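Colleague: My questions will all concern the structure given below.
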2 protein chains.
Amino acid sequence: MEKVFVVGVDIGGQTSKIGVVDARGEVLAQNAIRTDTYGEDSEAYIAALAEGIQACVAQSGHSMEEIRGIGVGAPNANYYTGIIEFAPNIAWAAHHSVPLGKHLSKALGGIPVSLTNDANAAAAGEMAYGAARGMKHFIMITLGTGVGSGIVIDGKVVYGHDGLAGELGHTCVVRNNGRTCGCGKTGCLEAYCSATGIARTATEWLSATDEPSLLRELDSISSKDIYDAAKQGDALALRLFEYTGALLGQSFADFVAFSSPEAIVLFGGLARAKEFLYEPMKKAMEENLLKIWKGKIKIVFSQLKESDAAILGASGLAWEL
Amino acid sequence: MEKVFVVGVDIGGQTSKIGVVDARGEVLAQNAIRTDTYGEDSEAYIAALAEGIQACVAQSGHSMEEIRGIGVGAPNANYYTGIIEFAPNIAWAAHHSVPLGKHLSKALGGIPVSLTNDANAAAAGEMAYGAARGMKHFIMITLGTGVGSGIVIDGKVVYGHDGLAGELGHTCVVRNNGRTCGCGKTGCLEAYCSATGIARTATEWLSATDEPSLLRELDSISSKDIYDAAKQGDALALRLFEYTGALLGQSFADFVAFSSPEAIVLFGGLARAKEFLYEPMKKAMEENLLKIWKGKIKIVFSQLKESDAAILGASGLAWEL
């Protein structure tokens, strides 16, 4: 039987989402299981996941024989080994190496399984169905709680020597006296340009001056609050996006010098503030590009429906199987 | 006849060096023609180059039928198009696009010709015969008059969307008030860590203080002068290497976050100061690496004989043909 469908699995700390997807990126059926009710018992989780996948495929009206492969996006997942290791938010993988790829494949009669982290999965998804369709060279940047990245060269996601390539959120954007990042280093892009990073900047700026701002009334500030304030014309909120966008653009110029991509593709909660981020981002990137690239590198935004994006991303991996 | 030899051509501003090379990196015969005696007549140059190659092959005791292909390293050379364009130091390519790959191949009966810039050629050479033999993922950094780079992922040199990838010398290492680089941008790695960059730092430091130094006696300072002074224990010269090495190491950590290579491979005049650069470079890189990479990334030095390196590098390209 022709294998024209794939399954995408997005493993989050609480829920694991499952979807059956066709070549156009249509999600034919969806399912979900809990991630967090198996304690440290990874085998029980994998058995439940296999069942969930079979149920989802049945629900789509197709059979397992029509499934080309399963793509899994998960934190701390290694593409080469199919192992999830030391993922702090998943009890059954927090203290062990879990060979999820191998065991899931076995539980499903040997079907190929491919694993990688969320940002690489997002890159695969954009390439298969989204903003990067037809592109052979692009860099995916996910602006969420953290800053993730997936690099595509010659139509393939770059995994590097050890399967862990593409940690652009932890390149340095502020060299001297940079903020401490969650990773322990200082000055990382993630410490400034993630949803939490822009909120940190807001808190710093508010305490440094008396400038009036809608943000002063809040007990704690989220990137969504900053977006809402900017929408209402709040000057400080607008400057927060200018500053954050400029740092992103400066970093993008360095990324371009590495792999000379056709485009930078943005996804994630903070990328929703497109209207405020795009101009400062583009301007700073252009100012910092070598002449050979000026005016030639696109900055584009994800075209995947947000509710389906994680499943689509993971499923995108499976087309390479 | 089995095609077990390749030809390497290194096009410099004054001289073009030619060599016939075997699979072990042995240079069997060498030849050279002038680059600068053809004015703007690229056709005359290419005809002379074809003759020079034929003479060199004859001199090696082999025939053109045994040559698998020709690899050419040249400034501003585009791998995808085989074109040299707007190379400021080469009269016949300073104002035009010269399709050297196509024309040279035609002049030699259709033999495959591959063109790229010097740093990518160096990477190909290290992979074929040198310090990167057997490596699938590494980053070549050339520390000469400028700072060049060649990135290898999955055993292939990365050319990017337009053939121009790998300009790591023009990533930013000093964000605020950085020095102006030859490229027109500010704060580039090349402006600090090339042979000319370290000499600029020396001049700046000497004029900022009265600290005694052997370098004060000189009219103009070269990286070689700084090396000689460091050898004699000159404190300022030693600190120059510490500073330059630290900037390199910081940048290397960011490069690792991109492609997760097995090693950084160094070549070029300034890399000869290995004894002074290695420790500060390694220390700064380790301090700026994510935990997953600490202690795992090698910094190694070119193993190609310096007089042959350019020819070997260019010839390395031809094995992929």
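Residues are named by chain letter and number: chains run A, B, ... in the order of the structure tokens, numbers start at 1 in each chain, and ligands are numbered from 1 in the order shown.
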Using only C-alpha atoms, find which residues of chain B lie within 10 Å of chain A and jot them down as a short mmCIF file (atom, residue, chain, number, x, y, z; two decimals) with N, CA, C and O atoms, in the first residue's frame.
Modeller:
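Okay, out25.cif is ready:
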```cif
data_model
loop_
_atom_site.label_atom_id
_atom_site.label_comp_id
_atom_site.auth_asym_id
_atom_site.auth_seq_id
_atom_site.Cartn_x
_atom_site.Cartn_y
_atom_site.Cartn_z
N MET B 135 36.85 13.78 9.50
CA MET B 135 35.80 14.55 10.19
C MET B 135 34.67 14.89 9.21
O MET B 135 34.91 15.24 8.07
N LYS B 136 33.44 14.82 9.71
CA LYS B 136 32.28 15.16 8.88
C LYS B 136 31.77 16.56 9.21
O LYS B 136 31.02 17.15 8.44
N HIS B 137 32.13 17.06 10.38
CA HIS B 137 31.64 18.36 10.84
C HIS B 137 32.79 19.16 11.45
O HIS B 137 33.28 18.81 12.52
N PHE B 138 33.22 20.19 10.77
CA PHE B 138 34.23 21.07 11.36
C PHE B 138 34.13 22.46 10.75
O PHE B 138 33.42 22.67 9.75
N SER B 149 36.59 31.79 6.47
CA SER B 149 36.06 30.58 7.08
C SER B 149 35.46 29.65 6.04
O SER B 149 34.97 30.09 5.00
N GLY B 150 35.55 28.38 6.35
CA GLY B 150 34.92 27.35 5.53
C GLY B 150 34.23 26.39 6.47
O GLY B 150 34.84 25.91 7.42
N ILE B 151 32.95 26.16 6.25
CA ILE B 151 32.18 25.34 7.19
C ILE B 151 31.85 24.01 6.54
O ILE B 151 31.36 23.97 5.41
N VAL B 152 32.14 22.93 7.24
CA VAL B 152 31.84 21.60 6.71
C VAL B 152 30.78 20.93 7.58
O VAL B 152 30.93 20.86 8.80
N ILE B 153 29.71 20.53 6.94
CA ILE B 153 28.61 19.84 7.62
C ILE B 153 28.33 18.56 6.85
O ILE B 153 28.22 18.59 5.62
N ASP B 154 28.26 17.44 7.56
CA ASP B 154 28.01 16.15 6.91
C ASP B 154 29.00 15.88 5.77
O ASP B 154 28.62 15.35 4.73
N VAL B 158 29.77 24.01 3.13
CA VAL B 158 28.50 24.71 3.06
C VAL B 158 28.63 25.94 2.14
O VAL B 158 29.49 26.78 2.38
N TYR B 159 27.81 25.99 1.10
CA TYR B 159 27.86 27.14 0.20
C TYR B 159 26.65 28.06 0.34
O TYR B 159 26.67 29.20 -0.10
N GLY B 160 25.59 27.55 0.94
CA GLY B 160 24.41 28.38 1.17
C GLY B 160 23.59 28.63 -0.08
O GLY B 160 23.86 28.08 -1.15
N HIS B 161 22.59 29.49 0.08
CA HIS B 161 21.63 29.75 -0.98
C HIS B 161 22.27 30.30 -2.24
O HIS B 161 21.86 30.00 -3.35
N ASP B 162 23.31 31.13 -2.07
CA ASP B 162 23.89 31.87 -3.19
C ASP B 162 25.34 31.50 -3.48
O ASP B 162 25.98 32.13 -4.31
N GLY B 163 25.86 30.50 -2.77
CA GLY B 163 27.25 30.11 -2.99
C GLY B 163 28.25 30.89 -2.16
O GLY B 163 29.46 30.69 -2.28
N LEU B 164 27.79 31.77 -1.30
CA LEU B 164 28.69 32.68 -0.59
C LEU B 164 28.71 32.48 0.92
O LEU B 164 29.20 33.32 1.67
N ALA B 165 28.20 31.34 1.40
CA ALA B 165 28.14 31.10 2.85
C ALA B 165 29.54 31.06 3.47
O ALA B 165 30.54 30.88 2.77
N GLY B 166 29.58 31.22 4.79
CA GLY B 166 30.85 31.08 5.50
C GLY B 166 31.68 32.34 5.54
O GLY B 166 32.85 32.33 5.22
N GLU B 167 31.09 33.44 5.95
CA GLU B 167 31.85 34.69 6.11
C GLU B 167 31.96 35.02 7.59
O GLU B 167 31.62 36.12 8.03
N LEU B 168 32.48 34.08 8.36
CA LEU B 168 32.49 34.24 9.81
C LEU B 168 33.44 35.35 10.27
O LEU B 168 33.32 35.85 11.38
N GLY B 169 34.37 35.74 9.41
CA GLY B 169 35.24 36.88 9.73
C GLY B 169 34.45 38.17 9.86
O GLY B 169 34.94 39.14 10.45
N HIS B 170 33.23 38.16 9.33
CA HIS B 170 32.41 39.37 9.41
C HIS B 170 31.20 39.19 10.32
O HIS B 170 30.20 39.89 10.18
N THR B 171 31.30 38.27 11.27
CA THR B 171 30.35 38.27 12.38
C THR B 171 30.90 39.24 13.41
O THR B 171 32.09 39.55 13.43
N CYS B 172 29.99 39.70 14.28
CA CYS B 172 30.34 40.79 15.19
C CYS B 172 30.92 40.25 16.50
O CYS B 172 30.31 39.42 17.16
N VAL B 173 32.10 40.72 16.86
CA VAL B 173 32.71 40.29 18.12
C VAL B 173 32.77 41.42 19.14
O VAL B 173 32.87 41.18 20.34
N VAL B 174 32.68 42.66 18.67
CA VAL B 174 32.62 43.80 19.59
C VAL B 174 31.38 44.61 19.21
O VAL B 174 31.34 45.27 18.17
N ARG B 175 30.35 44.53 20.06
CA ARG B 175 29.04 45.07 19.67
C ARG B 175 28.96 46.58 19.67
O ARG B 175 28.38 47.18 18.78
N ASN B 176 29.51 47.21 20.70
CA ASN B 176 29.34 48.66 20.81
C ASN B 176 30.65 49.38 20.53
O ASN B 176 31.68 49.04 21.10
N CYS B 183 35.31 45.83 5.43
CA CYS B 183 34.04 45.58 4.73
C CYS B 183 33.06 46.74 4.92
O CYS B 183 31.99 46.75 4.31
N GLY B 184 33.39 47.69 5.81
CA GLY B 184 32.50 48.82 6.03
C GLY B 184 31.66 48.69 7.30
O GLY B 184 31.10 49.67 7.78
N LYS B 185 31.53 47.48 7.84
CA LYS B 185 30.78 47.28 9.07
C LYS B 185 31.70 47.56 10.27
O LYS B 185 32.88 47.81 10.12
N THR B 186 31.12 47.48 11.47
CA THR B 186 31.96 47.69 12.65
C THR B 186 31.94 46.47 13.56
O THR B 186 30.96 45.73 13.60
N GLY B 187 33.04 46.29 14.27
CA GLY B 187 33.12 45.23 15.28
C GLY B 187 33.35 43.84 14.74
O GLY B 187 33.26 42.86 15.49
N CYS B 188 33.66 43.69 13.44
CA CYS B 188 33.86 42.37 12.84
C CYS B 188 35.06 41.65 13.46
O CYS B 188 36.08 42.26 13.77
N GLN B 250 35.65 33.44 22.14
CA GLN B 250 34.25 33.85 22.31
C GLN B 250 33.47 33.61 21.03
O GLN B 250 32.34 33.10 21.06
N SER B 251 34.06 33.98 19.91
CA SER B 251 33.38 33.78 18.64
C SER B 251 33.21 32.29 18.33
O SER B 251 32.16 31.86 17.86
N ALA B 253 32.72 29.89 20.29
CA ALA B 253 31.60 29.33 21.05
C ALA B 253 30.28 29.56 20.31
O ALA B 253 29.42 28.68 20.25
N ASP B 254 30.13 30.74 19.72
CA ASP B 254 28.91 31.01 18.94
C ASP B 254 28.86 30.15 17.68
O ASP B 254 27.79 29.68 17.28
N PHE B 255 30.01 29.94 17.05
CA PHE B 255 30.02 29.12 15.84
C PHE B 255 29.60 27.68 16.18
O PHE B 255 28.89 27.02 15.42
N VAL B 256 30.07 27.20 17.33
CA VAL B 256 29.73 25.84 17.76
C VAL B 256 28.22 25.71 17.94
O VAL B 256 27.61 24.71 17.56
N ALA B 257 27.59 26.75 18.51
CA ALA B 257 26.13 26.72 18.73
C ALA B 257 25.38 26.60 17.41
O ALA B 257 24.23 26.17 17.37
N PHE B 258 26.01 26.99 16.34
CA PHE B 258 25.38 26.89 15.04
C PHE B 258 25.42 25.43 14.54
O PHE B 258 24.41 24.79 14.40
N SER B 259 26.61 24.92 14.30
CA SER B 259 26.68 23.65 13.57
C SER B 259 27.21 22.48 14.39
O SER B 259 27.34 21.38 13.86
N SER B 260 27.49 22.70 15.67
CA SER B 260 27.96 21.62 16.54
C SER B 260 29.04 20.78 15.86
O SER B 260 28.86 19.59 15.61
N PRO B 261 30.19 21.41 15.58
CA PRO B 261 31.26 20.69 14.89
C PRO B 261 32.09 19.85 15.85
O PRO B 261 32.02 20.04 17.06
N GLU B 262 32.88 18.96 15.27
CA GLU B 262 33.82 18.17 16.07
C GLU B 262 35.01 19.04 16.45
O GLU B 262 35.59 18.88 17.52
N ALA B 263 35.39 19.94 15.55
CA ALA B 263 36.58 20.75 15.79
C ALA B 263 36.53 22.08 15.05
O ALA B 263 35.82 22.23 14.06
N GLU B 287 34.47 28.87 28.31
CA GLU B 287 33.63 29.71 29.18
C GLU B 287 32.31 30.08 28.50
O GLU B 287 31.32 30.36 29.17
N ASN B 288 32.31 30.13 27.18
CA ASN B 288 31.13 30.58 26.46
C ASN B 288 30.34 29.47 25.78
O ASN B 288 29.35 29.74 25.09
N LEU B 289 30.75 28.24 25.99
CA LEU B 289 30.01 27.12 25.40
C LEU B 289 28.85 26.71 26.31
O LEU B 289 28.95 26.79 27.53
N LEU B 290 27.77 26.23 25.70
CA LEU B 290 26.72 25.57 26.48
C LEU B 290 27.29 24.32 27.13
O LEU B 290 28.23 23.72 26.61
N LYS B 291 26.69 23.92 28.25
CA LYS B 291 27.20 22.75 29.00
C LYS B 291 27.34 21.51 28.12
O LYS B 291 28.28 20.74 28.26
N ILE B 292 26.37 21.32 27.20
CA ILE B 292 26.39 20.11 26.37
C ILE B 292 27.67 19.99 25.53
O ILE B 292 28.01 18.92 25.06
N TRP B 293 28.38 21.11 25.34
CA TRP B 293 29.58 21.08 24.49
C TRP B 293 30.89 21.28 25.26
O TRP B 293 31.96 21.16 24.69
#
```
Colleague: DSSP on the backbone: which residues in segment 218-264 of chain A end up as alpha helix (DSSP H)? Give the answer as a count of residues only.
Modeller: 34
Colleague: Can you tell me how far atom CA of Gln232 of chain A sits from atom CA of Ala271 of chain A, in Å to one decimal?
Modeller: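 Taking atom CA of Gln232 of chain A and atom CA of Ala271 of chain A, their separation equals 18.4 Å.
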Colleague: Can you tell me how far atom CA of Leu266 of chain B sits from atom CA of Leu317 of chain B, in Å to one decimal?
Modeller: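 Computed distance, atom CA of Leu266 of chain B to atom CA of Leu317 of chain B, equals 18.3 Å.
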Colleague: Would you list the contacts of Ile111 of chain B as a list in words, taking every protein, DNA or RNA residue within 8 Å and counting only C-alpha atoms, but skipping same-chain residues closer than 6 positions in sequence?
Modeller: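 So, after excluding close chain neighbours, the residues are Arg68, Gly69, Ile70 and Ser105 of chain B.
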Colleague: Suppose we keep C-alpha atoms; can you now write the selection as a compact mmCIF listing (two decimals), in the first residue's frame?
Modeller:
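Now in result-v8.txt:
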```txt
# COMPACT_ATOMS: atom_id res chain seq x y z
CA ARG B 68 39.50 13.61 -12.19
CA GLY B 69 38.95 17.34 -12.02
CA ILE B 70 40.36 20.76 -11.30
CA SER B 105 36.70 23.44 -18.54
```
Colleague: What's the 9 Å shell around segment 77-90 of chain B, counting only C-alpha atoms, without same-chain residues fewer than 6 positions away, as a list of chain:residue names?
Modeller: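 Once the adjacent positions are removed, what remains is B:Gly12, B:Gly13, B:Gln14, B:Thr35, B:Asp36, B:Gly39, B:Glu40, B:His96, B:Ser97, B:Val98, B:Pro99, B:Leu100, B:Gly101, B:Lys102, B:Val113, B:Ser114, B:Leu115, B:Thr116, B:Asn117, B:Asp118, B:Tyr159, B:Asp162, B:Gly163, B:Leu164.
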